[in-house]
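Have a look at target32.cif; it's mmCIF, N, CA, C and O atoms:
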```cif
data_target
loop_
_atom_site.label_atom_id
_atom_site.label_comp_id
_atom_site.auth_asym_id
_atom_site.auth_seq_id
_atom_site.Cartn_x
_atom_site.Cartn_y
_atom_site.Cartn_z
N MET A 138 7.86 32.99 -35.23
CA MET A 138 6.87 32.32 -34.41
C MET A 138 7.45 32.15 -32.99
O MET A 138 8.56 31.67 -32.83
N LYS A 139 6.66 32.52 -32.01
CA LYS A 139 7.12 32.41 -30.62
C LYS A 139 6.63 31.11 -30.00
O LYS A 139 5.46 30.76 -30.10
N ILE A 140 7.54 30.43 -29.32
CA ILE A 140 7.21 29.15 -28.70
C ILE A 140 6.15 29.31 -27.61
O ILE A 140 5.29 28.45 -27.42
N GLU A 141 6.16 30.44 -26.90
CA GLU A 141 5.18 30.66 -25.83
C GLU A 141 3.75 30.66 -26.37
O GLU A 141 2.84 30.16 -25.72
N ASN A 142 3.55 31.22 -27.57
CA ASN A 142 2.21 31.23 -28.17
C ASN A 142 1.75 29.81 -28.47
O ASN A 142 0.60 29.45 -28.23
N THR A 143 2.65 29.00 -29.01
CA THR A 143 2.31 27.62 -29.33
C THR A 143 2.00 26.83 -28.06
O THR A 143 1.03 26.07 -27.99
N LYS A 144 2.83 27.03 -27.03
CA LYS A 144 2.59 26.34 -25.77
C LYS A 144 1.25 26.74 -25.17
O LYS A 144 0.51 25.89 -24.65
N ALA A 145 0.91 28.01 -25.23
CA ALA A 145 -0.37 28.49 -24.69
C ALA A 145 -1.54 27.87 -25.45
O ALA A 145 -2.54 27.46 -24.84
N GLN A 146 -1.43 27.76 -26.76
CA GLN A 146 -2.49 27.16 -27.56
C GLN A 146 -2.67 25.67 -27.23
O GLN A 146 -3.78 25.17 -27.18
N MET A 147 -1.55 24.99 -26.99
CA MET A 147 -1.64 23.57 -26.62
C MET A 147 -2.35 23.42 -25.28
O MET A 147 -3.19 22.53 -25.11
N ARG A 148 -2.04 24.29 -24.32
CA ARG A 148 -2.70 24.22 -23.01
C ARG A 148 -4.18 24.51 -23.14
O ARG A 148 -5.02 23.83 -22.55
N LYS A 149 -4.54 25.54 -23.92
CA LYS A 149 -5.95 25.89 -24.09
C LYS A 149 -6.74 24.73 -24.67
O LYS A 149 -7.90 24.54 -24.34
N GLY A 150 -6.09 23.97 -25.53
CA GLY A 150 -6.76 22.85 -26.18
C GLY A 150 -7.18 21.74 -25.24
O GLY A 150 -8.05 20.94 -25.56
N VAL A 151 -6.57 21.66 -24.08
CA VAL A 151 -6.90 20.58 -23.14
C VAL A 151 -7.61 21.07 -21.88
O VAL A 151 -7.90 20.27 -21.00
N LEU A 152 -7.91 22.36 -21.80
CA LEU A 152 -8.53 22.90 -20.59
C LEU A 152 -9.90 22.27 -20.28
O LEU A 152 -10.18 21.96 -19.12
N GLU A 153 -10.74 22.11 -21.29
CA GLU A 153 -12.06 21.51 -21.04
C GLU A 153 -11.89 20.13 -20.42
O GLU A 153 -12.55 19.80 -19.44
N PHE A 154 -11.02 19.34 -21.01
CA PHE A 154 -10.76 17.99 -20.52
C PHE A 154 -10.26 18.04 -19.08
O PHE A 154 -10.72 17.27 -18.22
N CYS A 155 -9.36 18.95 -18.78
CA CYS A 155 -8.80 19.06 -17.43
C CYS A 155 -9.86 19.50 -16.42
O CYS A 155 -9.92 18.96 -15.31
N ILE A 156 -10.69 20.45 -16.79
CA ILE A 156 -11.75 20.92 -15.87
C ILE A 156 -12.73 19.79 -15.58
O ILE A 156 -13.08 19.55 -14.42
N LEU A 157 -13.16 19.09 -16.60
CA LEU A 157 -14.07 17.97 -16.39
C LEU A 157 -13.41 16.90 -15.53
O LEU A 157 -14.05 16.30 -14.65
N SER A 158 -12.13 16.66 -15.74
CA SER A 158 -11.39 15.67 -14.95
C SER A 158 -11.31 16.07 -13.48
O SER A 158 -11.43 15.23 -12.59
N ILE A 159 -11.09 17.36 -13.22
CA ILE A 159 -11.05 17.84 -11.84
C ILE A 159 -12.40 17.60 -11.17
O ILE A 159 -12.47 17.13 -10.03
N LEU A 160 -13.47 17.88 -11.88
CA LEU A 160 -14.81 17.77 -11.31
C LEU A 160 -15.30 16.33 -11.16
O LEU A 160 -16.27 16.08 -10.44
N GLN A 161 -14.62 15.37 -11.78
CA GLN A 161 -15.03 13.98 -11.59
C GLN A 161 -14.77 13.52 -10.16
O GLN A 161 -15.33 12.54 -9.69
N HIS A 162 -13.92 14.25 -9.43
CA HIS A 162 -13.58 13.89 -8.06
C HIS A 162 -14.50 14.58 -7.04
O HIS A 162 -14.35 14.36 -5.84
N GLY A 163 -15.41 15.41 -7.53
CA GLY A 163 -16.35 16.07 -6.63
C GLY A 163 -16.58 17.52 -7.03
O GLY A 163 -15.85 18.08 -7.85
N ASP A 164 -17.60 18.11 -6.44
CA ASP A 164 -17.94 19.50 -6.72
C ASP A 164 -16.78 20.42 -6.35
O ASP A 164 -16.04 20.14 -5.41
N ALA A 165 -16.66 21.52 -7.08
CA ALA A 165 -15.60 22.48 -6.79
C ALA A 165 -16.05 23.87 -7.22
O ALA A 165 -16.87 24.02 -8.12
N TYR A 166 -15.53 24.88 -6.56
CA TYR A 166 -15.80 26.25 -7.00
C TYR A 166 -14.61 26.75 -7.81
O TYR A 166 -13.54 26.12 -7.83
N THR A 167 -14.81 27.84 -8.49
CA THR A 167 -13.85 28.29 -9.49
C THR A 167 -12.44 28.44 -8.96
O THR A 167 -11.49 28.02 -9.61
N SER A 168 -12.28 29.01 -7.78
CA SER A 168 -10.92 29.21 -7.28
C SER A 168 -10.23 27.87 -6.99
O SER A 168 -9.01 27.75 -7.15
N GLU A 169 -10.99 26.85 -6.61
CA GLU A 169 -10.40 25.51 -6.43
C GLU A 169 -9.95 24.94 -7.78
O GLU A 169 -8.88 24.34 -7.88
N ILE A 170 -10.77 25.13 -8.79
CA ILE A 170 -10.43 24.65 -10.13
C ILE A 170 -9.18 25.38 -10.63
O ILE A 170 -8.24 24.75 -11.12
N LEU A 171 -9.17 26.69 -10.48
CA LEU A 171 -8.00 27.48 -10.89
C LEU A 171 -6.74 27.04 -10.17
O LEU A 171 -5.68 26.91 -10.78
N SER A 172 -6.86 26.79 -8.88
CA SER A 172 -5.70 26.37 -8.09
C SER A 172 -5.13 25.05 -8.60
O SER A 172 -3.90 24.91 -8.75
N GLN A 173 -6.00 24.10 -8.89
CA GLN A 173 -5.53 22.81 -9.40
C GLN A 173 -4.88 22.95 -10.78
O GLN A 173 -3.87 22.31 -11.07
N LEU A 174 -5.46 23.80 -11.62
CA LEU A 174 -4.88 24.01 -12.95
C LEU A 174 -3.52 24.70 -12.84
O LEU A 174 -2.58 24.34 -13.55
N LYS A 175 -3.41 25.67 -11.95
CA LYS A 175 -2.13 26.36 -11.75
C LYS A 175 -1.09 25.42 -11.17
O LYS A 175 0.07 25.43 -11.58
N ASP A 176 -1.49 24.58 -10.21
CA ASP A 176 -0.57 23.59 -9.63
C ASP A 176 -0.04 22.64 -10.70
O ASP A 176 1.08 22.16 -10.61
N ALA A 177 -0.86 22.38 -11.72
CA ALA A 177 -0.46 21.49 -12.81
C ALA A 177 0.32 22.23 -13.89
O ALA A 177 0.59 21.67 -14.94
N LYS A 178 0.63 23.50 -13.65
CA LYS A 178 1.40 24.33 -14.59
C LYS A 178 0.64 24.62 -15.88
O LYS A 178 1.25 24.80 -16.93
N LEU A 179 -0.68 24.66 -15.79
CA LEU A 179 -1.47 25.01 -16.96
C LEU A 179 -1.66 26.53 -17.08
O LEU A 179 -2.22 27.00 -18.06
N LEU A 180 -1.18 27.28 -16.11
CA LEU A 180 -1.08 28.74 -16.16
C LEU A 180 -2.31 29.42 -16.75
O LEU A 180 -2.22 30.11 -17.75
N VAL A 181 -3.45 29.21 -16.13
CA VAL A 181 -4.66 29.83 -16.62
C VAL A 181 -5.05 30.99 -15.73
O VAL A 181 -4.67 31.06 -14.56
N VAL A 182 -5.81 31.92 -16.29
CA VAL A 182 -6.30 33.06 -15.53
C VAL A 182 -7.83 32.96 -15.44
O VAL A 182 -8.46 32.26 -16.24
N GLU A 183 -8.38 33.66 -14.48
CA GLU A 183 -9.83 33.60 -14.27
C GLU A 183 -10.60 33.94 -15.54
O GLU A 183 -11.62 33.34 -15.83
N GLY A 184 -10.10 34.92 -16.28
CA GLY A 184 -10.78 35.34 -17.51
C GLY A 184 -10.90 34.25 -18.55
O GLY A 184 -11.73 34.33 -19.44
N THR A 185 -10.08 33.22 -18.44
CA THR A 185 -10.16 32.07 -19.35
C THR A 185 -11.14 31.04 -18.84
O THR A 185 -11.89 30.43 -19.61
N VAL A 186 -11.17 30.83 -17.53
CA VAL A 186 -11.94 29.74 -16.95
C VAL A 186 -13.43 30.05 -16.86
O VAL A 186 -14.26 29.19 -17.14
N TYR A 187 -13.80 31.27 -16.47
CA TYR A 187 -15.22 31.58 -16.31
C TYR A 187 -16.03 31.36 -17.58
O TYR A 187 -17.08 30.69 -17.54
N PRO A 188 -15.59 31.86 -18.73
CA PRO A 188 -16.37 31.59 -19.96
C PRO A 188 -16.41 30.11 -20.31
O PRO A 188 -17.42 29.61 -20.82
N LEU A 189 -15.34 29.41 -20.03
CA LEU A 189 -15.28 27.98 -20.31
C LEU A 189 -16.28 27.22 -19.43
O LEU A 189 -17.00 26.33 -19.92
N LEU A 190 -16.35 27.57 -18.16
CA LEU A 190 -17.33 26.95 -17.26
C LEU A 190 -18.75 27.22 -17.73
O LEU A 190 -19.60 26.33 -17.72
N THR A 191 -19.01 28.44 -18.17
CA THR A 191 -20.34 28.79 -18.68
C THR A 191 -20.66 27.98 -19.92
O THR A 191 -21.77 27.46 -20.07
N ARG A 192 -19.70 27.84 -20.82
CA ARG A 192 -19.91 27.07 -22.04
C ARG A 192 -20.19 25.59 -21.71
O ARG A 192 -21.10 24.98 -22.29
N LEU A 193 -19.45 25.03 -20.77
CA LEU A 193 -19.66 23.64 -20.37
C LEU A 193 -21.03 23.46 -19.71
O LEU A 193 -21.71 22.45 -19.92
N LYS A 194 -21.43 24.45 -18.91
CA LYS A 194 -22.76 24.40 -18.28
C LYS A 194 -23.86 24.49 -19.33
O LYS A 194 -24.81 23.71 -19.32
N ASN A 195 -23.71 25.42 -20.28
CA ASN A 195 -24.71 25.58 -21.33
C ASN A 195 -24.81 24.36 -22.23
O ASN A 195 -25.85 24.11 -22.83
N ALA A 196 -23.72 23.61 -22.33
CA ALA A 196 -23.71 22.38 -23.13
C ALA A 196 -24.32 21.20 -22.36
O ALA A 196 -24.44 20.10 -22.90
N GLY A 197 -24.68 21.43 -21.11
CA GLY A 197 -25.29 20.38 -20.30
C GLY A 197 -24.30 19.44 -19.64
O GLY A 197 -24.69 18.40 -19.11
N LEU A 198 -23.01 19.80 -19.67
CA LEU A 198 -21.99 18.93 -19.08
C LEU A 198 -21.76 19.22 -17.61
O LEU A 198 -21.28 18.36 -16.87
N LEU A 199 -22.12 20.43 -17.17
CA LEU A 199 -21.96 20.84 -15.78
C LEU A 199 -23.26 21.40 -15.25
O LEU A 199 -24.08 21.94 -16.00
N SER A 200 -23.42 21.30 -13.94
CA SER A 200 -24.48 22.01 -13.23
C SER A 200 -23.78 22.82 -12.13
O SER A 200 -22.58 22.65 -11.91
N TYR A 201 -24.53 23.70 -11.49
CA TYR A 201 -23.93 24.43 -10.38
C TYR A 201 -24.96 24.69 -9.30
O TYR A 201 -26.16 24.59 -9.53
N ARG A 202 -24.46 24.98 -8.12
CA ARG A 202 -25.31 25.34 -6.99
C ARG A 202 -24.59 26.42 -6.20
O ARG A 202 -23.35 26.48 -6.20
N TRP A 203 -25.34 27.26 -5.54
CA TRP A 203 -24.77 28.30 -4.69
C TRP A 203 -24.70 27.78 -3.26
O TRP A 203 -25.62 27.10 -2.80
N GLU A 204 -23.61 28.08 -2.59
CA GLU A 204 -23.46 27.67 -1.20
C GLU A 204 -22.90 28.84 -0.40
O GLU A 204 -21.95 29.51 -0.83
N GLU A 205 -23.50 29.08 0.76
CA GLU A 205 -23.02 30.16 1.62
C GLU A 205 -21.59 29.88 2.08
O GLU A 205 -21.21 28.73 2.28
N SER A 206 -20.84 30.95 2.23
CA SER A 206 -19.45 30.83 2.69
C SER A 206 -19.30 31.54 4.03
O SER A 206 -19.91 32.58 4.26
N THR A 207 -18.51 30.97 4.90
CA THR A 207 -18.25 31.61 6.20
C THR A 207 -17.23 32.73 6.08
O THR A 207 -17.07 33.52 6.99
N SER A 208 -16.56 32.81 4.94
CA SER A 208 -15.50 33.81 4.77
C SER A 208 -15.72 34.70 3.56
O SER A 208 -14.79 35.00 2.82
N GLY A 209 -16.96 35.09 3.30
CA GLY A 209 -17.21 35.98 2.17
C GLY A 209 -18.54 35.70 1.52
O GLY A 209 -19.44 35.12 2.13
N PRO A 210 -18.66 36.11 0.26
CA PRO A 210 -19.93 35.92 -0.47
C PRO A 210 -20.19 34.45 -0.78
O PRO A 210 -19.29 33.62 -0.68
N PRO A 211 -21.43 34.13 -1.16
CA PRO A 211 -21.75 32.74 -1.53
C PRO A 211 -20.84 32.27 -2.68
O PRO A 211 -20.40 33.06 -3.49
N ARG A 212 -20.61 30.97 -2.70
CA ARG A 212 -19.75 30.39 -3.73
C ARG A 212 -20.58 29.54 -4.68
O ARG A 212 -21.49 28.83 -4.26
N LYS A 213 -20.21 29.59 -5.95
CA LYS A 213 -20.86 28.77 -6.97
C LYS A 213 -20.03 27.49 -7.13
O LYS A 213 -18.89 27.54 -7.56
N TYR A 214 -20.63 26.37 -6.76
CA TYR A 214 -19.97 25.07 -6.88
C TYR A 214 -20.44 24.38 -8.16
O TYR A 214 -21.64 24.28 -8.41
N TYR A 215 -19.48 23.91 -8.94
CA TYR A 215 -19.77 23.21 -10.19
C TYR A 215 -19.69 21.70 -9.97
O TYR A 215 -18.90 21.23 -9.16
N ALA A 216 -20.51 20.96 -10.72
CA ALA A 216 -20.52 19.51 -10.66
C ALA A 216 -20.75 18.95 -12.05
O ALA A 216 -21.37 19.60 -12.91
N LEU A 217 -20.25 17.74 -12.29
CA LEU A 217 -20.52 17.06 -13.55
C LEU A 217 -21.96 16.55 -13.57
O LEU A 217 -22.44 16.02 -12.58
N THR A 218 -22.61 16.71 -14.69
CA THR A 218 -23.92 16.09 -14.88
C THR A 218 -23.68 14.67 -15.39
O THR A 218 -22.54 14.28 -15.68
N GLU A 219 -24.74 13.90 -15.50
CA GLU A 219 -24.59 12.55 -16.08
C GLU A 219 -24.07 12.65 -17.51
O GLU A 219 -23.22 11.85 -17.92
N THR A 220 -24.56 13.61 -18.26
CA THR A 220 -24.06 13.83 -19.62
C THR A 220 -22.58 14.18 -19.59
O THR A 220 -21.80 13.70 -20.42
N GLY A 221 -22.19 15.01 -18.61
CA GLY A 221 -20.78 15.38 -18.47
C GLY A 221 -19.90 14.18 -18.15
O GLY A 221 -18.77 14.08 -18.63
N LYS A 222 -20.41 13.26 -17.34
CA LYS A 222 -19.64 12.06 -16.99
C LYS A 222 -19.42 11.18 -18.23
O LYS A 222 -18.32 10.66 -18.44
N LEU A 223 -20.46 11.04 -19.05
CA LEU A 223 -20.33 10.26 -20.29
C LEU A 223 -19.37 10.95 -21.26
O LEU A 223 -18.55 10.29 -21.91
N PHE A 224 -19.48 12.26 -21.36
CA PHE A 224 -18.61 13.04 -22.23
C PHE A 224 -17.15 12.89 -21.79
O PHE A 224 -16.26 12.68 -22.62
N LEU A 225 -16.91 12.97 -20.49
CA LEU A 225 -15.56 12.81 -19.96
C LEU A 225 -15.02 11.42 -20.25
O LEU A 225 -13.84 11.26 -20.59
N LYS A 226 -15.87 10.41 -20.15
CA LYS A 226 -15.43 9.04 -20.45
C LYS A 226 -14.95 8.95 -21.90
O LYS A 226 -13.90 8.35 -22.18
N GLU A 227 -15.68 9.58 -22.81
CA GLU A 227 -15.28 9.59 -24.22
C GLU A 227 -13.98 10.38 -24.40
O GLU A 227 -13.10 9.98 -25.18
N LEU A 228 -13.86 11.51 -23.70
CA LEU A 228 -12.63 12.30 -23.79
C LEU A 228 -11.42 11.52 -23.28
O LEU A 228 -10.32 11.64 -23.83
N ASN A 229 -11.61 10.75 -22.21
CA ASN A 229 -10.51 9.93 -21.69
C ASN A 229 -10.02 8.94 -22.75
O ASN A 229 -8.80 8.78 -22.93
N THR A 230 -10.95 8.32 -23.44
CA THR A 230 -10.57 7.39 -24.51
C THR A 230 -9.85 8.13 -25.63
O THR A 230 -8.79 7.70 -26.10
N THR A 231 -10.40 9.26 -26.03
CA THR A 231 -9.79 10.05 -27.10
C THR A 231 -8.40 10.54 -26.69
O THR A 231 -7.46 10.51 -27.49
N TRP A 232 -8.27 10.97 -25.44
CA TRP A 232 -6.97 11.44 -24.95
C TRP A 232 -5.93 10.32 -25.00
O TRP A 232 -4.81 10.52 -25.46
N SER A 233 -6.31 9.14 -24.56
CA SER A 233 -5.40 8.00 -24.58
C SER A 233 -4.95 7.68 -26.01
O SER A 233 -3.76 7.44 -26.26
N GLU A 234 -5.89 7.71 -26.92
CA GLU A 234 -5.57 7.45 -28.33
C GLU A 234 -4.65 8.54 -28.89
O GLU A 234 -3.72 8.25 -29.64
N LEU A 235 -4.93 9.78 -28.51
CA LEU A 235 -4.12 10.91 -28.99
C LEU A 235 -2.69 10.84 -28.45
O LEU A 235 -1.72 11.02 -29.20
N VAL A 236 -2.56 10.55 -27.17
CA VAL A 236 -1.22 10.43 -26.57
C VAL A 236 -0.44 9.31 -27.26
O VAL A 236 0.73 9.48 -27.60
N GLU A 237 -1.11 8.20 -27.48
CA GLU A 237 -0.46 7.06 -28.15
C GLU A 237 -0.01 7.45 -29.56
O GLU A 237 1.12 7.16 -29.97
N ALA A 238 -0.88 8.14 -30.30
CA ALA A 238 -0.55 8.54 -31.67
C ALA A 238 0.60 9.55 -31.70
O ALA A 238 1.52 9.42 -32.51
N VAL A 239 0.55 10.53 -30.81
CA VAL A 239 1.62 11.53 -30.77
C VAL A 239 2.94 10.89 -30.36
O VAL A 239 3.98 11.18 -30.96
N ASN A 240 2.91 10.01 -29.39
CA ASN A 240 4.12 9.30 -28.98
C ASN A 240 4.69 8.48 -30.14
O ASN A 240 5.90 8.44 -30.35
N LEU A 241 3.82 7.85 -30.89
CA LEU A 241 4.25 7.05 -32.02
C LEU A 241 4.96 7.93 -33.07
O LEU A 241 6.03 7.58 -33.56
N VAL A 242 4.37 9.07 -33.34
CA VAL A 242 4.94 9.97 -34.35
C VAL A 242 6.23 10.63 -33.85
O VAL A 242 7.19 10.77 -34.61
N THR A 243 6.27 11.02 -32.59
CA THR A 243 7.41 11.80 -32.11
C THR A 243 8.58 10.94 -31.62
O THR A 243 9.67 11.48 -31.47
N THR A 244 8.36 9.66 -31.39
CA THR A 244 9.46 8.85 -30.86
C THR A 244 9.95 7.78 -31.81
O THR A 244 11.04 7.25 -31.62
N ASN A 245 9.19 7.45 -32.83
CA ASN A 245 9.62 6.41 -33.76
C ASN A 245 10.34 6.99 -34.96
O ASN A 245 10.03 8.09 -35.42
N LYS A 246 11.28 6.22 -35.47
CA LYS A 246 11.96 6.60 -36.70
C LYS A 246 11.06 6.29 -37.88
O LYS A 246 10.29 5.33 -37.83
N PRO A 247 11.18 7.07 -38.94
CA PRO A 247 10.35 6.77 -40.13
C PRO A 247 10.73 5.41 -40.71
O PRO A 247 11.88 4.99 -40.65
N THR A 248 9.74 4.75 -41.26
CA THR A 248 10.00 3.46 -41.88
C THR A 248 10.50 3.68 -43.31
O THR A 248 10.13 4.65 -43.96
N GLU A 249 11.35 2.79 -43.76
CA GLU A 249 11.88 2.91 -45.13
C GLU A 249 10.86 2.41 -46.11
O GLU A 249 10.14 1.46 -45.85
N LYS A 250 10.85 3.04 -47.28
CA LYS A 250 9.89 2.65 -48.32
C LYS A 250 10.58 1.88 -49.40
O LYS A 250 11.71 2.01 -49.69
#
```
Could you rewrite the structure in this file as structure tokens?
Amino acid sequence: MKIENTKAQMRKGVLEFCILSILQHGDAYTSEILSQLKDAKLLVVEGTVYPLLTRLKNAGLLSYRWEESTSGPPRKYYALTETGKLFLKELNTTWSELVEAVNLVTTNKPTEK
């Protein structure tokens, strides 16, 4: 078993949460989202993000609008919908609980029986 495969799977598991979290700060286009994910060392490629954005949009969590660009073709800007904001709020709670549970398991010694 290769550690890189496991690490990649762990990152993929949190991408939706990270994308929604990025968009809570305002509308963004795909290259901005990719840049923030790469800066955070989540090492994602466009081929991973585009289908994920489409899935989130189809689930009603995101909307998008086209905006003209002064330096190329129009850009598709994504935004959280009200449903997306509620979903993200639930994910934040779940994430906090998950981090707490994982920390408990990985840092505590087993109790004696």
Skipping near chain neighbours, those fewer than 5 positions away, what residues fall within 4.5 Å of Leu199 (chain A) using only N, CA, C and O atoms, listed as a ChimeraX atom specification?
-> /A:193-194,216,218
Point out the residue among A:Val242, A:Met138, A:Leu217, A:Val186 with the least atom-to-atom distance to Tyr201 (chain A), counting only C-alpha atoms.
-> A:Leu217
Do you know which residues are at most 8 Å from region 174-179 of chain A counting all atoms listed in the file, after dropping those on the same chain fewer than 5 positions away, and could you put them as a ChimeraX atom specification?
-> /A:144-145,148-149,152,155-156,167-169
Go through A:Ile140, A:Leu235, A:Leu241, A:Leu189 one by one, measure the shortest atom-to-atom distance of each to Glu153 (chain A) using all atoms listed in the file, and give the residue with the smallest value.
->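 Checking each candidate against Glu153 (chain A), we get A:Leu189 as the closest.
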Among listed residues A:Ile170, A:Asn240, A:Tyr187, A:Tyr215, nearest Trp203 (chain A) (using only C-alpha atoms) = A:Tyr215
